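The block underneath contains the structure these notes are about, expressed in structure tokens.
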Amino acid sequence: MIPVFDLHQDLISALRVFPVSAWSGTSPALGHGNLERLKRSGYKLIVQAVFPLHRHWGAYLTENPVLHALRMVERLHELAEEHAEHLMLVKTREDLETLLQGDRLGFLIGYEGMYGLEDRWVLKALYRCGVRVLGLTWNVSNLVATGAWDEHDRGLSDLGRKLVLLADELGFILDLAHASPRTYQEVLALPLQRPPIVSHTGVLPGTPRTRRNISIEQARHVAQRGGLVGLALAKLFFEDPKATLDTVTERIERLWREIPEHLALGTDFFGFGASETIEGLETVEGIRRLEQRLRQRGLPEAALEAVFFGNALRYLRAHLPAV
């Protein structure tokens with residue numbers, strides 16, 4: 001079974017809705033899966049996103065976003081302690097190599113949007129807490145950058161440019177998922193020590209109808225900088241309400257030809273609802289059906305290994321801190 005490195009899941013947000021017992025038990029109640037299902041399906045490392053916004057009366061609010069996020073960061077640490085025989089947090093290359101030598105599942109912590117991160121001390125504190133992947137924005141703009149939903153694309157603010165360079169200096173992997181087109185372009189133009197990634201997105205021919213997704217040309221730009229593009233597995237990322245497993249496999253085949261060393265998976269499991277589910281990819285176990293379908297279509301073994309884990313592994317070995 002090919003191992004899976006997944007650049008984006010929203011498990012910790014799901015745990016705020018479902019009982020924690022569903023995570024460690026055999027019940028399928030926890031959205032797209034649980035610990036047992038993830039391990040049985042071959043997942044080896046997952047970037048678990050901490051989402052700093054919270055919802056109130058249908059609107060996303062940013063009051064105390066850092067406090068809101070820190071609760072989820074601590075819960076991930078607690079999960080790793082409670083299930084130490086099955087789970088570990090990965091913060092360094094040394095941790096990564098330890099993970100690869102055993103049979104535990106690794107979590108790497110991401111922060112989905114720099115809401116409330118307006119000074120170096122908060123950034124340094126988050127890094128000390130084990131956060132390693134840092135998204136500039138979610139769809140909603142903040143003081144750092146413009147989000148994908150904003151009609152007025154201002155890109156990076158002056159403060160944002162300084163904070164992005166600081167975050168890179170501290171060792172964060174920058175994530176352009178949910179960023180506006182101008183933010184995307186301006187970050188890729190900066191002299192960064194480690195190339196940015198797009199952890200979870202749709203990659204579409206031509207111009208996407210929603211700025212939430214990116215074009216193949218934009219994906220090439222990320223690849224040219226040495227970054228990763230994580231393909232998400234919901235209908236919204238294909239902009240097709242009738243998307244099927246064949247739609248996904250065809251897109252992977254095309255992207256493999258375009259960016260073979262930079263294509264990865266960023267499933268967004270736990271982050272989308274039932275209406276966006278693709279038949280065959282209803283749960284984390286669908287990743288094995290995707291592998292089987294790609295084999296049937298004749299994708300080379302080297303391509304499967306690269307997309308499912310190899311490209312992400314090479315990137316993390318190069319850009320996580322040594323110890």
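Simple scheme: letters A, B, ... for chains in structure tokens order, numbers from 1 for residues in each chain, numbers from 1 for ligands in the order shown.
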Shell of 9 Å around Leu188 in chain A, only C-alpha atoms, local chain residues under 6 positions omitted, as a VMD selection string
chain A and resid 195 to 196 221 to 222 225
Output C-alpha atoms of each residue in that selection to a file, as an mmCIF file, in the first residue's frame.
data_model
loop_
_atom_site.group_PDB
_atom_site.id
_atom_site.type_symbol
_atom_site.label_atom_id
_atom_site.label_comp_id
_atom_site.auth_asym_id
_atom_site.auth_seq_id
_atom_site.Cartn_x
_atom_site.Cartn_y
_atom_site.Cartn_z
ATOM 1 C CA PRO A 195 9.158 28.016 -1.535
ATOM 2 C CA PRO A 196 5.466 28.515 -0.707
ATOM 3 C CA HIS A 221 4.444 29.204 -11.211
ATOM 4 C CA VAL A 222 4.447 27.472 -7.825
ATOM 5 C CA ARG A 225 9.606 28.279 -7.359
#
From a backbone DSSP assignment, name each residue in range 64-176 of chain A labelled strand (DSSP E or B), as a list in words.
Leu87, Met88, Leu89, Leu105, Gly106, Phe107, Leu108, Ile109, Gly110, Tyr111, Glu112, Val131, Arg132, Val133, Leu134, Gly135, Ala145, Gly147, Leu156, Ile173, Leu174 and Asp175 of chain A
Can those selected residues be exported to a file as a PDB file, in the first residue's frame so that it contains C-alpha atoms?
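Contents of the output file out_14.pdb:
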ATOM      1  CA  LEU A  87       0.018   9.221  16.725  1.00  0.00           C
ATOM      2  CA  MET A  88       2.869  11.745  16.894  1.00  0.00           C
ATOM      3  CA  LEU A  89       3.340  15.434  16.160  1.00  0.00           C
ATOM      4  CA  LEU A 105       0.429   8.442  11.996  1.00  0.00           C
ATOM      5  CA  GLY A 106       2.027  11.901  11.989  1.00  0.00           C
ATOM      6  CA  PHE A 107       0.311  15.260  12.388  1.00  0.00           C
ATOM      7  CA  LEU A 108       1.984  18.481  11.287  1.00  0.00           C
ATOM      8  CA  ILE A 109       0.183  21.615  12.497  1.00  0.00           C
ATOM      9  CA  GLY A 110      -0.919  24.339  10.077  1.00  0.00           C
ATOM     10  CA  TYR A 111      -2.510  27.725  10.878  1.00  0.00           C
ATOM     11  CA  GLU A 112      -5.121  28.639   8.249  1.00  0.00           C
ATOM     12  CA  VAL A 131       2.934  25.277  14.117  1.00  0.00           C
ATOM     13  CA  ARG A 132       4.952  24.769  10.932  1.00  0.00           C
ATOM     14  CA  VAL A 133       2.612  25.621   8.011  1.00  0.00           C
ATOM     15  CA  LEU A 134       1.240  29.160   7.913  1.00  0.00           C
ATOM     16  CA  GLY A 135      -1.577  30.213   5.597  1.00  0.00           C
ATOM     17  CA  ALA A 145      -3.257  39.939   2.860  1.00  0.00           C
ATOM     18  CA  GLY A 147      -8.462  36.705   0.732  1.00  0.00           C
ATOM     19  CA  LEU A 156      -0.187  42.064   0.543  1.00  0.00           C
ATOM     20  CA  ILE A 173       6.229  27.027   5.410  1.00  0.00           C
ATOM     21  CA  LEU A 174       3.956  29.614   3.773  1.00  0.00           C
ATOM     22  CA  ASP A 175       0.643  28.431   2.328  1.00  0.00           C
TER      23      ASP A 175
END
Based on DSSP run over this structure's backbone, return all residues of range 32-242 of chain A in helix (DSSP H, G or I), as a count of residues only.
76
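Among A:Leu163, A:Arg93, A:His200, A:Leu233, the residue with the shortest atom-to-atom distance to Gly266 in chain A, counting only C-alpha atoms, is A:His200.
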Spatial neighbours of Ala243 in chain A, 12 Å, only C-alpha atoms, chain gap at least 4 places, as a PDB file with N, CA and C atoms, in the first residue's frame:
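selection.pdb, freshly written:
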ATOM      1  N   LEU A 233     -10.163  17.177  -2.881  1.00  0.00           N
ATOM      2  CA  LEU A 233     -11.014  16.112  -3.421  1.00  0.00           C
ATOM      3  C   LEU A 233     -12.499  16.333  -3.152  1.00  0.00           C
ATOM      4  N   ALA A 234     -12.982  17.532  -3.453  1.00  0.00           N
ATOM      5  CA  ALA A 234     -14.409  17.828  -3.345  1.00  0.00           C
ATOM      6  C   ALA A 234     -14.882  18.481  -4.638  1.00  0.00           C
ATOM      7  N   LYS A 235     -16.180  18.439  -4.884  1.00  0.00           N
ATOM      8  CA  LYS A 235     -16.726  18.972  -6.137  1.00  0.00           C
ATOM      9  C   LYS A 235     -16.383  20.443  -6.346  1.00  0.00           C
ATOM     10  N   LEU A 236     -16.369  21.218  -5.258  1.00  0.00           N
ATOM     11  CA  LEU A 236     -16.132  22.644  -5.391  1.00  0.00           C
ATOM     12  C   LEU A 236     -14.757  22.932  -5.985  1.00  0.00           C
ATOM     13  N   PHE A 237     -13.817  22.011  -5.808  1.00  0.00           N
ATOM     14  CA  PHE A 237     -12.471  22.217  -6.339  1.00  0.00           C
ATOM     15  C   PHE A 237     -12.357  21.845  -7.821  1.00  0.00           C
ATOM     16  N   PHE A 238     -13.411  21.258  -8.359  1.00  0.00           N
ATOM     17  CA  PHE A 238     -13.461  20.963  -9.784  1.00  0.00           C
ATOM     18  C   PHE A 238     -14.491  21.836 -10.487  1.00  0.00           C
ATOM     19  N   GLU A 239     -15.220  22.653  -9.695  1.00  0.00           N
ATOM     20  CA  GLU A 239     -16.254  23.548 -10.192  1.00  0.00           C
ATOM     21  C   GLU A 239     -17.246  22.799 -11.066  1.00  0.00           C
ATOM     22  N   THR A 247     -13.296  12.185 -13.015  1.00  0.00           N
ATOM     23  CA  THR A 247     -12.899  13.590 -13.126  1.00  0.00           C
ATOM     24  C   THR A 247     -11.603  13.837 -12.375  1.00  0.00           C
ATOM     25  N   VAL A 248     -11.514  13.263 -11.166  1.00  0.00           N
ATOM     26  CA  VAL A 248     -10.322  13.446 -10.331  1.00  0.00           C
ATOM     27  C   VAL A 248      -9.106  12.787 -10.981  1.00  0.00           C
ATOM     28  N   THR A 249      -9.282  11.551 -11.440  1.00  0.00           N
ATOM     29  CA  THR A 249      -8.134  10.845 -12.019  1.00  0.00           C
ATOM     30  C   THR A 249      -7.633  11.533 -13.285  1.00  0.00           C
ATOM     31  N   GLU A 250      -8.570  12.028 -14.092  1.00  0.00           N
ATOM     32  CA  GLU A 250      -8.159  12.741 -15.306  1.00  0.00           C
ATOM     33  C   GLU A 250      -7.380  14.010 -14.960  1.00  0.00           C
ATOM     34  N   ARG A 251      -7.821  14.717 -13.903  1.00  0.00           N
ATOM     35  CA  ARG A 251      -7.112  15.935 -13.498  1.00  0.00           C
ATOM     36  C   ARG A 251      -5.722  15.609 -12.972  1.00  0.00           C
ATOM     37  N   SER A 275     -22.777  17.664   0.517  1.00  0.00           N
ATOM     38  CA  SER A 275     -23.208  18.089  -0.815  1.00  0.00           C
ATOM     39  C   SER A 275     -22.030  18.219  -1.780  1.00  0.00           C
ATOM     40  N   GLU A 276     -20.813  18.323  -1.250  1.00  0.00           N
ATOM     41  CA  GLU A 276     -19.625  18.475  -2.088  1.00  0.00           C
ATOM     42  C   GLU A 276     -18.859  17.172  -2.254  1.00  0.00           C
ATOM     43  N   THR A 277     -19.362  16.098  -1.663  1.00  0.00           N
ATOM     44  CA  THR A 277     -18.665  14.814  -1.722  1.00  0.00           C
ATOM     45  C   THR A 277     -18.738  14.206  -3.121  1.00  0.00           C
ATOM     46  N   ILE A 278     -17.624  13.658  -3.564  1.00  0.00           N
ATOM     47  CA  ILE A 278     -17.560  12.936  -4.833  1.00  0.00           C
ATOM     48  C   ILE A 278     -17.783  11.452  -4.557  1.00  0.00           C
ATOM     49  N   GLU A 279     -18.642  10.811  -5.337  1.00  0.00           N
ATOM     50  CA  GLU A 279     -18.910   9.392  -5.128  1.00  0.00           C
ATOM     51  C   GLU A 279     -17.610   8.592  -5.226  1.00  0.00           C
ATOM     52  N   GLY A 280     -17.370   7.773  -4.219  1.00  0.00           N
ATOM     53  CA  GLY A 280     -16.131   7.014  -4.132  1.00  0.00           C
ATOM     54  C   GLY A 280     -15.110   7.667  -3.226  1.00  0.00           C
ATOM     55  N   LEU A 281     -15.315   8.956  -2.925  1.00  0.00           N
ATOM     56  CA  LEU A 281     -14.411   9.692  -2.034  1.00  0.00           C
ATOM     57  C   LEU A 281     -15.184  10.260  -0.850  1.00  0.00           C
TER      58      LEU A 281
END
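Among the candidate residues A:Val73, A:Leu67, A:Leu320, A:Leu255, the one lying nearest to Gly230 in chain A is A:Leu255, with distances computed using only C-alpha atoms.
Residue nearest Ser41 in chain A, chosen from A:Ile197, A:Leu117, A:Val307, A:Leu290 and counting only C-alpha atoms: A:Leu290.
Distance-wise, CA of Leu299 in chain A and CA of Leu7 in chain A end up 21.4 Å apart.
Using only C-alpha atoms, the shortest contact distance between Leu170 in chain A and any of A:Gly155, A:Tyr127, A:Tyr43, A:Asp10 is found at A:Tyr127.
Using only C-alpha atoms, the residues found no farther than 10 Å from Gly160 in chain A, other than those of its own chain fewer than 2 positions away, are Met114, Leu117, Glu118, Leu136, Asn142, Leu143, Val144, Ala145, Thr146, Gly155, Leu156, Ser157, Asp158, Lys162, Leu163, Val164, Leu165, Leu166, Thr183 and Val187 of chain A.
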Write a file of the just-selected residues containing C-alpha atoms, as a PDB file, in the first residue's frame.
ATOM      1  CA  MET A 114      -2.829  35.049   9.725  1.00  0.00           C
ATOM      2  CA  LEU A 117      -0.817  37.599  13.905  1.00  0.00           C
ATOM      3  CA  GLU A 118       0.338  41.190  13.722  1.00  0.00           C
ATOM      4  CA  LEU A 136      -1.672  33.946   4.897  1.00  0.00           C
ATOM      5  CA  ASN A 142      -7.066  40.336   7.090  1.00  0.00           C
ATOM      6  CA  LEU A 143      -4.416  42.939   7.961  1.00  0.00           C
ATOM      7  CA  VAL A 144      -1.766  40.841   6.230  1.00  0.00           C
ATOM      8  CA  ALA A 145      -3.257  39.939   2.860  1.00  0.00           C
ATOM      9  CA  THR A 146      -6.336  39.834   0.648  1.00  0.00           C
ATOM     10  CA  GLY A 155      -2.603  41.813  -2.370  1.00  0.00           C
ATOM     11  CA  LEU A 156      -0.187  42.064   0.543  1.00  0.00           C
ATOM     12  CA  SER A 157      -0.304  45.052   2.873  1.00  0.00           C
ATOM     13  CA  ASP A 158       2.969  46.763   3.863  1.00  0.00           C
ATOM     14  CA  LYS A 162       7.125  42.403   6.552  1.00  0.00           C
ATOM     15  CA  LEU A 163       5.336  39.628   8.454  1.00  0.00           C
ATOM     16  CA  VAL A 164       5.587  37.178   5.551  1.00  0.00           C
ATOM     17  CA  LEU A 165       9.355  37.725   5.365  1.00  0.00           C
ATOM     18  CA  LEU A 166       9.586  37.349   9.151  1.00  0.00           C
ATOM     19  CA  THR A 183      -1.538  38.072  -2.927  1.00  0.00           C
ATOM     20  CA  VAL A 187       4.271  36.292  -2.291  1.00  0.00           C
TER      21      VAL A 187
END
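The closest residue to Arg314 in chain A, picked from A:Asn213, A:Val47, A:Leu96, A:Leu204 and counting only C-alpha atoms, is A:Leu96.
From CA of His262 in chain A back to CA of Phe308 in chain A, the distance works out to 11.2 Å.
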Of the candidates A:Ala223, A:Leu176, A:Val66, A:Met72, which shows the shortest atom-to-atom distance to Leu11 in chain A, using only C-alpha atoms?
A:Met72
At what distance in Å, to one decimal, does CA of Gly271 in chain A lie from CA of His77 in chain A?
20.2 Å
Residues within 8 Å of Gly33 in chain A, please, as a list in words. Count only C-alpha atoms; anything in the same chain fewer than 6 positions from it doesn't count.
Trp23, Thr283, Val284 and Glu285 of chain A
Near Asp103 in chain A, counting only C-alpha atoms, which residues have an atom at most 12 Å away, once you skip same-chain residues fewer than 6 positions from it, shown as a list in words?
Pro3, Lys39, Arg40, Gly42, Tyr43, Lys44, Leu45, Ala84, Glu85, His86, Leu87, Met88 and Glu97 of chain A
Pro65 in chain A surroundings by only C-alpha atoms, 10 Å radius, close-in-sequence under 4 positions cut, as a VMD selection string
chain A and resid 51 to 54 61 69 to 70 113 to 117
Go ahead and save the picked residues with N, CA and C atoms, as a PDB file, in the first residue's frame.
ATOM      1  N   PHE A  51      -8.003  26.460  12.372  1.00  0.00           N
ATOM      2  CA  PHE A  51      -8.764  27.527  11.708  1.00  0.00           C
ATOM      3  C   PHE A  51      -9.098  28.607  12.732  1.00  0.00           C
ATOM      4  N   PRO A  52      -8.491  29.792  12.645  1.00  0.00           N
ATOM      5  CA  PRO A  52      -8.625  30.780  13.720  1.00  0.00           C
ATOM      6  C   PRO A  52      -9.917  31.570  13.741  1.00  0.00           C
ATOM      7  N   LEU A  53     -10.728  31.457  12.692  1.00  0.00           N
ATOM      8  CA  LEU A  53     -12.015  32.142  12.701  1.00  0.00           C
ATOM      9  C   LEU A  53     -13.071  31.244  13.324  1.00  0.00           C
ATOM     10  N   HIS A  54     -14.126  31.848  13.836  1.00  0.00           N
ATOM     11  CA  HIS A  54     -15.236  31.064  14.344  1.00  0.00           C
ATOM     12  C   HIS A  54     -16.538  31.655  13.832  1.00  0.00           C
ATOM     13  N   LEU A  61     -16.270  35.575  12.268  1.00  0.00           N
ATOM     14  CA  LEU A  61     -15.776  36.659  13.109  1.00  0.00           C
ATOM     15  C   LEU A  61     -14.311  36.415  13.454  1.00  0.00           C
ATOM     16  N   ALA A  69      -7.542  29.818  18.119  1.00  0.00           N
ATOM     17  CA  ALA A  69      -6.647  28.854  17.476  1.00  0.00           C
ATOM     18  C   ALA A  69      -5.795  28.105  18.487  1.00  0.00           C
ATOM     19  N   LEU A  70      -5.345  28.791  19.526  1.00  0.00           N
ATOM     20  CA  LEU A  70      -4.485  28.134  20.516  1.00  0.00           C
ATOM     21  C   LEU A  70      -5.198  26.980  21.207  1.00  0.00           C
ATOM     22  N   GLY A 113      -4.622  31.004   8.022  1.00  0.00           N
ATOM     23  CA  GLY A 113      -4.941  32.424   7.934  1.00  0.00           C
ATOM     24  C   GLY A 113      -4.317  33.218   9.056  1.00  0.00           C
ATOM     25  N   MET A 114      -3.577  34.289   8.716  1.00  0.00           N
ATOM     26  CA  MET A 114      -2.829  35.049   9.725  1.00  0.00           C
ATOM     27  C   MET A 114      -3.702  36.084  10.422  1.00  0.00           C
ATOM     28  N   TYR A 115      -4.848  35.649  10.910  1.00  0.00           N
ATOM     29  CA  TYR A 115      -5.742  36.532  11.666  1.00  0.00           C
ATOM     30  C   TYR A 115      -5.194  36.679  13.074  1.00  0.00           C
ATOM     31  N   GLY A 116      -4.985  37.910  13.491  1.00  0.00           N
ATOM     32  CA  GLY A 116      -4.462  38.167  14.833  1.00  0.00           C
ATOM     33  C   GLY A 116      -2.960  38.060  14.940  1.00  0.00           C
ATOM     34  N   LEU A 117      -2.275  37.771  13.848  1.00  0.00           N
ATOM     35  CA  LEU A 117      -0.817  37.599  13.905  1.00  0.00           C
ATOM     36  C   LEU A 117      -0.143  38.866  13.373  1.00  0.00           C
TER      37      LEU A 117
END
